[in-house]
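Below is one structure, written out as C-alpha cells; comments come after it.
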Protein chains: 8
Amino acid sequence: MDNSRIKKILKSLQSGDITVGTAFDFLKYLPYEDIGFAKVDHHRTMRQGIPEVIFAKNKEPKDIIAIADSMIKRSGRLLVTRATESVYKRFGPLCRCYKKKSKFYKRSGAITVGEPEKKSGMVAVLCAGTSDIPIAEEAQVTASFLGSKTEMISDIGVAGLHRVLDAKKVFSRARVLIIAAGMEGALPSVIGGMTDNPIIAVPTSVGYGTSLKGLTALFSMLNSCVPGIAVMNIDNGFGAGVLAHKINTL
Amino acid sequence: MDNSRIKKILKSLQSGDITVGTAFDFLKYLPYEDIGFAKVDHHRTMRQGIPEVIFAKNKEPKDIIAIADSMIKRSGRLLVTRATESVYKRFGPLCRCYKKKSKFYKRSGAITVGEPEKKSGMVAVLCAGTSDIPIAEEAQVTASFLGSKTEMISDIGVAGLHRVLDAKKVFSRARVLIIAAGMEGALPSVIGGMTDNPIIAVPTSVGYGTSLKGLTALFSMLNSCVPGIAVMNIDNGFGAGVLAHKINTL
Amino acid sequence: MDNSRIKKILKSLQSGDITVGTAFDFLKYLPYEDIGFAKVDHHRTMRQGIPEVIFAKNKEPKDIIAIADSMIKRSGRLLVTRATESVYKRFGPLCRCYKKKSKFYKRSGAITVGEPEKKSGMVAVLCAGTSDIPIAEEAQVTASFLGSKTEMISDIGVAGLHRVLDAKKVFSRARVLIIAAGMEGALPSVIGGMTDNPIIAVPTSVGYGTSLKGLTALFSMLNSCVPGIAVMNIDNGFGAGVLAHKINTL
Amino acid sequence: MDNSRIKKILKSLQSGDITVGTAFDFLKYLPYEDIGFAKVDHHRTMRQGIPEVIFAKNKEPKDIIAIADSMIKRSGRLLVTRATESVYKRFGPLCRCYKKKSKFYKRSGAITVGEPEKKSGMVAVLCAGTSDIPIAEEAQVTASFLGSKTEMISDIGVAGLHRVLDAKKVFSRARVLIIAAGMEGALPSVIGGMTDNPIIAVPTSVGYGTSLKGLTALFSMLNSCVPGIAVMNIDNGFGAGVLAHKINTL
Amino acid sequence: MDNSRIKKILKSLQSGDITVGTAFDFLKYLPYEDIGFAKVDHHRTMRQGIPEVIFAKNKEPKDIIAIADSMIKRSGRLLVTRATESVYKRFGPLCRCYKKKSKFYKRSGAITVGEPEKKSGMVAVLCAGTSDIPIAEEAQVTASFLGSKTEMISDIGVAGLHRVLDAKKVFSRARVLIIAAGMEGALPSVIGGMTDNPIIAVPTSVGYGTSLKGLTALFSMLNSCVPGIAVMNIDNGFGAGVLAHKINTL
Amino acid sequence: MDNSRIKKILKSLQSGDITVGTAFDFLKYLPYEDIGFAKVDHHRTMRQGIPEVIFAKNKEPKDIIAIADSMIKRSGRLLVTRATESVYKRFGPLCRCYKKKSKFYKRSGAITVGEPEKKSGMVAVLCAGTSDIPIAEEAQVTASFLGSKTEMISDIGVAGLHRVLDAKKVFSRARVLIIAAGMEGALPSVIGGMTDNPIIAVPTSVGYGTSLKGLTALFSMLNSCVPGIAVMNIDNGFGAGVLAHKINTL
Amino acid sequence: MDNSRIKKILKSLQSGDITVGTAFDFLKYLPYEDIGFAKVDHHRTMRQGIPEVIFAKNKEPKDIIAIADSMIKRSGRLLVTRATESVYKRFGPLCRCYKKKSKFYKRSGAITVGEPEKKSGMVAVLCAGTSDIPIAEEAQVTASFLGSKTEMISDIGVAGLHRVLDAKKVFSRARVLIIAAGMEGALPSVIGGMTDNPIIAVPTSVGYGTSLKGLTALFSMLNSCVPGIAVMNIDNGFGAGVLAHKINTL
Amino acid sequence: MDNSRIKKILKSLQSGDITVGTAFDFLKYLPYEDIGFAKVDHHRTMRQGIPEVIFAKNKEPKDIIAIADSMIKRSGRLLVTRATESVYKRFGPLCRCYKKKSKFYKRSGAITVGEPEKKSGMVAVLCAGTSDIPIAEEAQVTASFLGSKTEMISDIGVAGLHRVLDAKKVFSRARVLIIAAGMEGALPSVIGGMTDNPIIAVPTSVGYGTSLKGLTALFSMLNSCVPGIAVMNIDNGFGAGVLAHKINTL
C-alpha cells in the first residue's frame, strides 16, 4: 500500500538520506493539488489506506488522462475502473512517458499502471454465473492492485452443489471471500455455511424482470440467514476489493 | 376430492338408486345459494377441483359460522384458514349438530371439518426456519384435506448443507415439493439443484428491515437460477397446498 | 428427456453392448467440463430433469457457439433462448458439422438443435394479446423441446368472453395450461374459473405507464382469486415451459 | 342535488315569494362561514355539484358534531363517511333538534341526515368479494344520497363466470356501473367486455402480501385492456359515488 | 358510433331492403375473423361501444397494414394510435384502394381513416404545459373520431391562475372535461373547484427526477381533494377520449 | 436567538461586568456536556443558529426531563416537539424549580419553556385541510419560539379558489410562507403563482391509499411547476419553522 | 429582477416621460400573448419574481427560437436551461437581430441572453464531486442571471474533512448556500453543522445501483439531522438558483 | 470462540485424558439434535465460527427456554437477542440449574449466559444519535460475547464535527469500527475519511417520513463516497457484531 511510500520518505529524512527540502517538496502538494476541475487528493492513502482511483465512467477521456498524469507523476501507480478500450489506448503514450507498465482488463474495464504491491494473504473471489465475471474481475483486480494475493472461481451457482463443494478446496485457503452474484443472490448464504472467514457479498445487476437491476440480489444478501455477511452496493466490485484487502492486511 | 361426491349422485341416478327428484334437489342449489351477504358456491368443486374454503381473517365469527353451516350441510366437509382459537370454539356445537369431527391446527389457524379424502401420492413440505412453520402447516393441512399424503421437514436453512442433504432422503420420496422460506428465500434454489420434481415456492413474511415483509423472498424465488419453480403469493400456504394436490393427482 | 440417454448408456453397459471403458469415457466428463470461462454442466439432466440450455442474451456470439459445440457433442441436442437472427446464422456450420437439424423461432428468438423427444401429454399455451406472443412462443418451444405436445391459442383478452369460451374447447384437452398476459394480467383468473387443471401464469412486460414493466401483471397473478396458480418471473416463458413439462410428465 | 335548493331561493325571490332580505340572509353566509378550526363551505354545491360532506376518520367527535350542526342548519341534509357507531350515537340529539331523520350504514360507516333527493336514472354497484362490501356500500350510499337510484350486486368474482353472467341482467339496466374489487382487481375488465356504459373502478385494500394494500388492484385497473375505465383512489367509494351520480344526471 | 352501422344492416333487413343472405354475409364474420396472428374483433362495437382501434407502438408496419385492411373493409373507418410518420405513409395506397380519406396527427402519432361520425355534445381537453400536448391531442382525436365535438386549451398551469380563469369561458360550455397534466398534476384539483361537470384526468410522463415518469402526477390526481375525478393510466389519452365520449353521449 | 445570549456573556466580560472566571464557567461546558446517555450540545446555537430542541417521540419521559433540566439550567429556554400531555405534566415541577413559564400546544404536541425572543418580520403558515393543522402548528410554534412573528390560515384547499384569494390579504404581508398540505399537495403551486416571496412546503401524511403516507404530497411539491419551492421531509413542521425563521431574520 | 423593469414603465408614466398610450402598449400584451402552441407569460415577473425561462429539453429547436424571440423582444433578457450546443448556435442570428449578447455554459447547457442584473449579496454554490458540477453550474448561472453574486467550490466530499474546512473560508462569506450532491447526499448535513445560514440542497442523479437515480440522495437530504434544510427535486439546479436569489434579495 | 471447546475435546482424546466413548458421546449429537420443532445446531461453531444464538422475537417464551436448555447443556454459553424483560425472568431458574451467570441488556434486549471468552483486539462501536443506542448495544454485546474487547461512543452526529473529532481519540485505538446510524446515515462516510480500518455500517430504522424505516440510511451507506464500507441489514446489530469479531480475530 502507498502508506509505505509516504513512510519511506519520512524515514529517508530521518536517516539523513534526503533533506528537509526534498521531503517538503514531496509533501507540499498536500493536502491536495488543484488541477482546475477536480482536486486530486494525494493524501488519501494516508487517511483511508487506499491510493486515489479514477472512476472512468461518464468522464471525458482527456480529463481522465489529465488526472492520471498528475497521479502517476506523484505516486507512480494508478487504478482506473470502468474504462473503455478506447480510453485505454490513450494510456500508451502517458505510460511510456513515465516508463510505467499498464494493463487492461477487458471484461471489467479496469486499467492498472505500475508494479503491483508485494502480495500477502489470499482473497478468493467467487462468482455465481458467467455474467457476474465483470464485477468479480473488478474486485479481483482491485484487491490485487492494493497488494493482496487473489484467486477467482467462476460459475458456481447454488443449484449445482457439487460445484460448490469442489470450490471449497480453493476458498478454504483464503483469509477473506468475495462473492458476486445476481438474480436471487443466494450463493453467499450457501458458502457462508461452509466457512467461518469473513464474506463480502456483491450483488450484481444480472437478471431481468423482478431482479430489479440487482435490488433483489442486494436485499437477498442483506437478509442472509448466515450472520455477519458484509454487503456492498450493486455492481460495486471495486468496494469489495478495497474491503477485502483492508481485512486481509489488518 | 368433492367432484367424486357429485359424480356419485349422478351415478346413483343412472343406476336407479335415487330418483330424478332427489338428484334435482341436490343440484338445484347450483350454481350458488344466496345467503344474503355472500353467495356460497357449491359448484366450485366441479369447475376448479377444490371445494369452497373459508378465509376467516377479518370475517365476523357469526358470518363464518353461517357460511360453514351452509357448506357442511351440502358437502359434509370444510376447510377454514386463518382462524383464531375463539372462532374454533364456535365449531363445537355446529359439528355436533352434523355429527362431524373437526380439528384445529394452532400454528397456522386452520380448521378441518369432516373425514379426509382417501390419500394418494406424496407431497413434501419443507421450511427453512421455525418461523416459517405456520405457513408450511397451512400448505400441509390444505394438501392433506384435499386428499394428498403429506410429510413436513422443518428448520433446514441453506447455511446448513448437511441438514439439507439429510432432508433429501425424505423429499426424494415425494412427487411434489412445497418449500416455504422467508428472509433471502434461497432454499428452493438449493433444493431445486437436487431433484427434478416440481417445486412450489412460498415466500413468507418472516424477517425484518429489507425483508420487506416477504417481497425479498418473493423476488428471490422468482429469480431462482433453477428454472421452472412455481411461485405463490407471500404467506400463501393455502394456494401452495391446492397446486401441490392438483399436480399430485393429475 | 435426456435422463433416458444416460440410462441407455448404463443399460448398454449392463447388457454387455459397450465396455466399461466406453461408459467411463462418457461419464468421466461429469460432473462438469471446464471450458475456461464457463463450466458446462452435462449432469444437469440427471439432477434437475432438464438438459443445459443457453440463455443467449448479452453473451458474445463466439462464446455461445463454444458452449453449444461442447453440448451438442455430448448430448446431440440443444435449446438456445433469446438469440438474434445473426446468432442463429452461426449455427449453420456447427450443425452441419454434427449433422443436426436446427430451427429458429423468430418472435421469441429461440433456437432448437436436434430431434424433438417423443411427445406425450398436452400443454396448452394461451396468451392475452398479440404482443404477448414472443413469451408464449418461448414457453411452447421449451415444453415441446423437452417432449410435451403443445398447442397455442393467442389473442383472447378477458374483455372478449366469447373468445375465451371458444378457447375452452382447445384448452380442456390439455393436462397443463400456460397463460401469458401483460397489462392487468387477469386472464389466469378467468381461465382458472373454467378448469381444474394446473395453471402456470407468466406475466409479460407488455404495457406502459403503470404496467411497471410487468410488475402489475405479476402482482395481479400472485393475488388471483383462483387458488393455486403457479406464477413465473416476468417474461419467463422458458421457466413456464420447463414447469409445464415436469408436471405433464410426472 | 342541492343546486336546486339554491335555485329555489332565487326563484322564490324572482316570483316575489320572499324578499331580497331573506334571500340575502341565506346567501350572505357565502362564500364560507368560519367556525374557528374549519371553514364550512356552503357554496360548494354551486361550484362542484355536491354538498359538503364530512370525512369523519381521525376527527374528534365533538368537532364532527359542530360542523354537522352548521351544515344541517343551512341545508337540512348531510352525508358523513367513515364514522363509528359511537359517533353516530351523538347524532340523535342533533337530529331531533332539527327534526331530521338520520340513518347509519354499519359496514361502511356512512351516516345520512335528511330526506333523499328525488331519484332518477340508475347506478349499479358491483363488488367482487364480500370483503369489498364496505367500499361498495359507501359508493352506493353516496350516489343515493345525491339523488341516483342504485342497486348492489355482491360477491361476483371473475373466477365464477356464471355469476357474472347472472349479474348482467341487473347491470344492463343501469346507466353507470361502479365496480369495487381488491386482490387482482380483474372484475372491471371482464364486465367492461359486456357493456358499453361508463364504468367506474374502485380498487380496495382487500388482500395480503403483494396486494400491497390495494396498489395491485389499482394498477391492474389502470392497465385494463378495456379502454376508458375511470379509476378512483384505493377504497374511495365516496368518490366513485360522486362521479357516478354526476354522469348519471348529466 | 358503429353500433348504428350494425343496426342499419338489421333495419335494412327488416324493411326488406337487403336479403337475409346479405345480412348474414355481413354478420358471419362475427364474432371475429382470424387473420393468423391476431383475431380482429368486428363485434367489439356492439359490446363495448367503440370500434376496434390499432395501438401501433411496437407492432411491425406490415402487421398494422394487414389489420387495418381487414378493419377498413368491414367498417370503413379506423383509428390508429402511437404511429410514426413512416407508418402513416403506408396508409396512402391502402386508403386509395378503399377510397377513404386519412389524416395524420403529428404530435400524438394518431391516424384516422374515414369520415367522422356526426358530432354532438362537447368535450373540452385542457393541458397544463406544452409538453402535455401529445397526450391531450390523442384524447381529442379519439373523442372526435368517436363522434364528440371537441375543443382544446393548452398551457394553463396552476401557477397562472389568470390563464385558468380565462379558460373557464371555454370549458364551461363543455359537458365533459379531459385534463392532461404531468409534474405535480394539480390542474384537475383547481379546475375541479370551478365546475360540476365530470372530469377525466390523464397523468402524463412529463417531468424528471421525482416525477417518476408520471407516477407522481397519477398519485396526485388519485388523491385530489375534489371528489369524483376519473383517473386514467399514465399517458393514456386514448382511454380518456373513449370515456369522455361515452359520458358525453350517454 | 440564543446567539445573543452567548454574545451578551462575552460583552459582559469585555465591559468588565463579569470576570473571566464567570465567563469561563459558562463556556467550560462547551463543546458539550455528557449526561451519560446523550451529549447535550449547548454550543449548537453558535454553530447553527438554533438552540437545542428535544424531539420527545419514543424517548422515555424521565430521559426527556433529564435533558430538559440540563438545557433550562444553561439557557433558560427550551422547545420540545411531539410530546404527549402526560409528558407535559412532568414539566410543572421542573419549571417551578427554575421559575420559568411553560406552554403546551395540544394539537402538535409542542412544549415551550421560557419567554419568547423579541419578535420581528412575519412568517405566514398556511394549511390545506383541518387535518394538516398539527403540522402547521408545529411549524408556527417553532418559528415563533425562535423569534419570528407568525400568523396561521387554515383550511384553504385548492378546490376553493375564493378562499385562496381571501387568504392572499394575509400572506401578502408575510416575508416567508410555510404551506402544509397532504393528499395531492397542490397548494404550494397555486400560492406560488400569487407571490414572489420564498415558500417552504411541508408535505403531511394526511390521506389514505395512494397518498402513500405523504410520499405523494412530497413528490408533488418537489415537482411543482413554480420554481424554487423549498421542500421539507414529510410532517416536518419543525424544520419548516427553523428555515422560515432563518430566512426571515437573515 | 424584471419587476424593476415594469416599475420603471409605471414611474415613467407617473413622471410624464411616457404617455398612457405607450404604457398601455407595453402592458396590453398582458396577461399573456398567444403564439399558437404556447402562451408566453410576460407577466410572470410581476407575480413570481422571476422572468420567464425556457426549459429546452425535449422541445423542438424552432419552437425554442420562436418563444425566445417573443421574450427577448419584450424584456431584452432570457435564460435557457438544458440546451444543446446545436440549439445555442441558432441564438447567434437571433441575438444579432436584437443586438444582445449571449453566452453558453457547456457543462449545464444553460444559455443567457442580455446583460446581467446589478449584483448584490452572495450565494455560494458547493458541490460534492466533479460529476455534480453540471447541476451546480445550472444553479450558479440561474442565481447570477437573476442578480445575485455567486461563487462555486467543487469537489469537497464529506470523506475529506480538510477540504470541507478549507471551503469554510469561502462559504462563510455567503448569505445563502446551495449544495449539490449525489450518491449518499451527506454534504448538506456536514456543512449544516458549520453555518447558520440557509442551506438549499440539490440531490443529483450521480451514482449507480442503489443511488436510484438520485432518490437516495434526495431522501438522505430530507432526513438530514440538521433541521431546516431546503430540498429541491433531483437535478433541479434551476430551482435552487431561483430560491437562493429570492432569499438573498428578500 | 467455541471452536476451542471442540478442539479441547479432541486434544483430550489425543492425550488419553478421555476415552473414545466420551468423545463420541460429545460428538454424537452432531450434526444436530432434533428437539421436535427446531433442530439445534451444535456444529455451527465449527462451520461458521459462531455458536448458535437465539433470536427471541416472535418466539414463544417456553420454546426459547427449551432451545436454551439444550444449548447451555452442550456448550455452557448462550446469546439471546431481542428478548423482553419477562423472557429474561425465566432464565433465572434455568441458569441456577446449570450454575451459570446471566445478564440482561435492557436497551437492546440481549441476554448473555456464561462467562465471556478471553478478550483480544478492540472493536469500537459508534452511534449517531441516542435513538440508535439499542442497535449499537446489540452489536457491542455480540462482539463482546464472541471474545472481542469493545468500546462504545454514542451521540456523535455529523452536524457536530467537534464531537466526531473528539471521538477519533477512541476509535483510532480500534482494529474494526461498527457505526450505527439512522435518518440520513451519513456518519460512516465522515468517519471513513478519518481512518483506514475496516468499517461496518448498520442502518437503523430511526427517523420518520422518508426515512422509510431505515431504507434511506441503508441506501445512503451503500452509496458512501468512501470505498469498501461493509453494510448490514437494517437494525442488524447482531450481524455487525459477528462480522466485527471475525475480522478482529482473523
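Letters for chains follow the order of the C-alpha cells (A, B, ...), residue numbers begin at 1 for each chain, and ligand numbers begin at 1 in the order shown.
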Report task. Within 7 Å of chain G, which residues of chain F are there when counting only C-alpha atoms? Please give them as an NGL selection string. Result -> :F and (47-49 or 192-198 or 222-223 or 227-233 or 239-240 or 242-243 or 246-247)
Query - Selection near Ile65 in chain A, 12 Å with only C-alpha atoms, sequence-local residues under 2 positions removed, as a list in words - result: Ile54, Ala56, Lys59, Glu60, Pro61, Lys62, Asp63, Ile67, Ala68, Asp69, Ser70, Met71, Ile72, Lys73, Leu78, Val80, Ala83, Val87, Tyr88, Lys89, Arg90, Phe91, Gly92, Pro93, Leu94 and Cys95 of chain A
Query raised in the report: If you count only C-alpha atoms, which residues fall within 6 Å of Cys127 in chain D, apart from same-chain ones fewer than 4 positions away, as a VMD selection string?
Result: chain D and resid 154 to 155 179 to 181
DSSP-assigned helix (DSSP H, G or I) members of range 108-169 of chain F, reported as a CSV table (one decimal) with N, CA, C and O atoms, in the first residue's frame:
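Written file, selection_4.csv:
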```
chain,number,residue,atom,x,y,z
F,130,THR,N,-58.1,20.8,7.6
F,130,THR,CA,-58.1,20.8,9.0
F,130,THR,C,-57.1,19.7,9.6
F,130,THR,O,-56.6,19.9,10.6
F,131,SER,N,-57.0,18.6,8.8
F,131,SER,CA,-56.1,17.6,9.3
F,131,SER,C,-54.6,17.9,9.2
F,131,SER,O,-53.8,17.3,9.8
F,132,ASP,N,-54.3,19.0,8.5
F,132,ASP,CA,-52.9,19.4,8.4
F,132,ASP,C,-52.5,20.3,9.5
F,132,ASP,O,-51.3,20.7,9.7
F,133,ILE,N,-53.5,20.7,10.4
F,133,ILE,CA,-53.2,21.7,11.4
F,133,ILE,C,-52.1,21.3,12.4
F,133,ILE,O,-51.2,22.1,12.7
F,134,PRO,N,-52.0,20.0,12.8
F,134,PRO,CA,-51.0,19.7,13.8
F,134,PRO,C,-49.6,20.0,13.2
F,134,PRO,O,-48.7,20.5,14.0
F,135,ILE,N,-49.3,19.7,12.0
F,135,ILE,CA,-48.0,20.0,11.4
F,135,ILE,C,-47.8,21.5,11.2
F,135,ILE,O,-46.7,22.1,11.5
F,136,ALA,N,-48.9,22.2,10.8
F,136,ALA,CA,-48.8,23.6,10.6
F,136,ALA,C,-48.5,24.3,12.0
F,136,ALA,O,-47.7,25.2,12.1
F,137,GLU,N,-49.2,23.8,13.0
F,137,GLU,CA,-49.0,24.4,14.4
F,137,GLU,C,-47.5,24.2,14.8
F,137,GLU,O,-46.9,25.1,15.4
F,138,GLU,N,-47.0,23.0,14.6
F,138,GLU,CA,-45.6,22.7,14.9
F,138,GLU,C,-44.6,23.7,14.3
F,138,GLU,O,-43.7,24.3,14.9
F,139,ALA,N,-44.9,24.0,13.0
F,139,ALA,CA,-44.1,25.0,12.3
F,139,ALA,C,-44.2,26.4,12.9
F,139,ALA,O,-43.3,27.1,13.1
F,140,GLN,N,-45.5,26.7,13.2
F,140,GLN,CA,-45.7,28.1,13.8
F,140,GLN,C,-45.1,28.3,15.1
F,140,GLN,O,-44.4,29.3,15.4
F,141,VAL,N,-45.2,27.3,16.0
F,141,VAL,CA,-44.7,27.4,17.3
F,141,VAL,C,-43.1,27.5,17.2
F,141,VAL,O,-42.5,28.2,17.9
F,142,THR,N,-42.5,26.7,16.3
F,142,THR,CA,-41.1,26.7,16.2
F,142,THR,C,-40.6,28.1,15.7
F,142,THR,O,-39.7,28.7,16.3
F,143,ALA,N,-41.2,28.6,14.7
F,143,ALA,CA,-40.8,29.9,14.2
F,143,ALA,C,-41.0,31.0,15.2
F,143,ALA,O,-40.1,31.9,15.4
F,144,SER,N,-42.1,30.9,15.9
F,144,SER,CA,-42.4,31.9,17.0
F,144,SER,C,-41.4,31.8,18.1
F,144,SER,O,-40.9,32.8,18.6
F,145,PHE,N,-41.1,30.6,18.5
F,145,PHE,CA,-40.1,30.3,19.6
F,145,PHE,C,-38.8,30.9,19.3
F,145,PHE,O,-38.1,31.4,20.2
F,146,LEU,N,-38.4,30.8,18.0
F,146,LEU,CA,-37.1,31.3,17.6
F,146,LEU,C,-37.0,32.8,17.5
F,146,LEU,O,-36.0,33.4,17.4
F,161,LEU,N,-61.0,28.2,-4.8
F,161,LEU,CA,-60.1,29.3,-5.1
F,161,LEU,C,-60.5,30.6,-4.4
F,161,LEU,O,-59.6,31.5,-4.1
F,162,HIS,N,-61.8,30.8,-4.1
F,162,HIS,CA,-62.2,32.1,-3.4
F,162,HIS,C,-61.5,32.1,-2.0
F,162,HIS,O,-61.1,33.2,-1.6
F,163,ARG,N,-61.4,31.0,-1.4
F,163,ARG,CA,-60.7,31.0,-0.1
F,163,ARG,C,-59.3,31.4,-0.2
F,163,ARG,O,-58.7,32.1,0.6
F,164,VAL,N,-58.6,30.8,-1.3
F,164,VAL,CA,-57.2,31.1,-1.6
F,164,VAL,C,-57.1,32.6,-1.8
F,164,VAL,O,-56.1,33.2,-1.2
F,165,LEU,N,-58.0,33.2,-2.6
F,165,LEU,CA,-57.9,34.6,-2.9
F,165,LEU,C,-58.1,35.4,-1.6
F,165,LEU,O,-57.4,36.4,-1.4
F,166,ASP,N,-59.0,35.0,-0.7
F,166,ASP,CA,-59.2,35.7,0.6
F,166,ASP,C,-57.9,35.6,1.4
F,166,ASP,O,-57.5,36.6,2.0
F,167,ALA,N,-57.2,34.5,1.4
F,167,ALA,CA,-56.0,34.3,2.2
F,167,ALA,C,-54.9,35.2,1.7
F,167,ALA,O,-54.0,35.6,2.5
F,168,LYS,N,-55.0,35.6,0.4
F,168,LYS,CA,-53.9,36.5,-0.1
F,168,LYS,C,-53.7,37.7,0.7
F,168,LYS,O,-52.6,38.2,0.9
F,169,LYS,N,-54.8,38.3,1.2
F,169,LYS,CA,-54.7,39.5,2.1
F,169,LYS,C,-53.7,39.3,3.2
F,169,LYS,O,-52.9,40.1,3.6
```
Query raised in the report: What's the 6 Å shell around Ile111 in chain H, counting only C-alpha atoms, without same-chain residues fewer than 6 positions away, as JSON, numbers by chain?
Result: {"H": [79, 80, 103, 104]}
Query raised in the report: What separation in Å, quoted to one decimal, exists between CA of Ala217 in chain A and CA of Leu177 in chain A?
Result: 17.4 Å
Requested in this report: as a PyMOL selection string, please: all residues of range 97-154 of chain D that backbone DSSP puts in strand (DSSP E).
Outcome: chain D and resi 102-105+110-113+120-127+148-154
Please produce a file of those selected residues containing C-alpha atoms, as a PDB file, in the first residue's frame.
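Resulting contents of selection.pdb:
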```pdb
ATOM      1  CA  SER D 102     -80.728  10.005  10.222  1.00  0.00           C
ATOM      2  CA  LYS D 103     -79.502   6.578   9.221  1.00  0.00           C
ATOM      3  CA  PHE D 104     -76.310   4.644   9.932  1.00  0.00           C
ATOM      4  CA  TYR D 105     -74.780   2.188   7.412  1.00  0.00           C
ATOM      5  CA  ALA D 110     -71.761   6.170   6.493  1.00  0.00           C
ATOM      6  CA  ILE D 111     -74.380   8.401   8.129  1.00  0.00           C
ATOM      7  CA  THR D 112     -77.099  10.223   6.215  1.00  0.00           C
ATOM      8  CA  VAL D 113     -79.228  13.035   7.612  1.00  0.00           C
ATOM      9  CA  SER D 120     -83.551   9.342 -11.250  1.00  0.00           C
ATOM     10  CA  GLY D 121     -81.502   7.113 -13.587  1.00  0.00           C
ATOM     11  CA  MET D 122     -79.781   4.024 -12.173  1.00  0.00           C
ATOM     12  CA  VAL D 123     -76.280   3.299 -10.862  1.00  0.00           C
ATOM     13  CA  ALA D 124     -75.303  -0.362 -10.418  1.00  0.00           C
ATOM     14  CA  VAL D 125     -72.706  -1.106  -7.764  1.00  0.00           C
ATOM     15  CA  LEU D 126     -70.890  -4.429  -8.212  1.00  0.00           C
ATOM     16  CA  CYS D 127     -68.318  -5.936  -5.912  1.00  0.00           C
ATOM     17  CA  SER D 148     -79.421   8.492  -8.090  1.00  0.00           C
ATOM     18  CA  LYS D 149     -81.316   5.226  -7.990  1.00  0.00           C
ATOM     19  CA  THR D 150     -78.888   2.453  -7.049  1.00  0.00           C
ATOM     20  CA  GLU D 151     -78.701  -1.329  -6.893  1.00  0.00           C
ATOM     21  CA  MET D 152     -75.910  -3.504  -5.468  1.00  0.00           C
ATOM     22  CA  ILE D 153     -74.718  -6.957  -6.599  1.00  0.00           C
ATOM     23  CA  SER D 154     -72.059  -8.503  -4.415  1.00  0.00           C
TER      24      SER D 154
END
```
Query raised in the report: What is the distance between CA of Thr216 in chain E and CA of Asn58 in chain A, in Å to one decimal?
Result: 28.7 Å
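For Ser205 in chain C, the non-local neighbours within 8 Å, defined as residues at least 4 positions apart in the same chain or in other chains and counting only C-alpha atoms, are Gly209 of chain A; Gly182, Met183, Ser211, Leu212, Lys213, Gly214, Leu215, Ile234 and Asp235 of chain C.
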Query raised in the report: For the atom pair CA of Arg77 in chain B and CA of Glu115 in chain B, what is the interatomic distance in Å to one decimal place?
Result: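 Value for the CA of Arg77 in chain B-CA of Glu115 in chain B distance: 7.2 Å.
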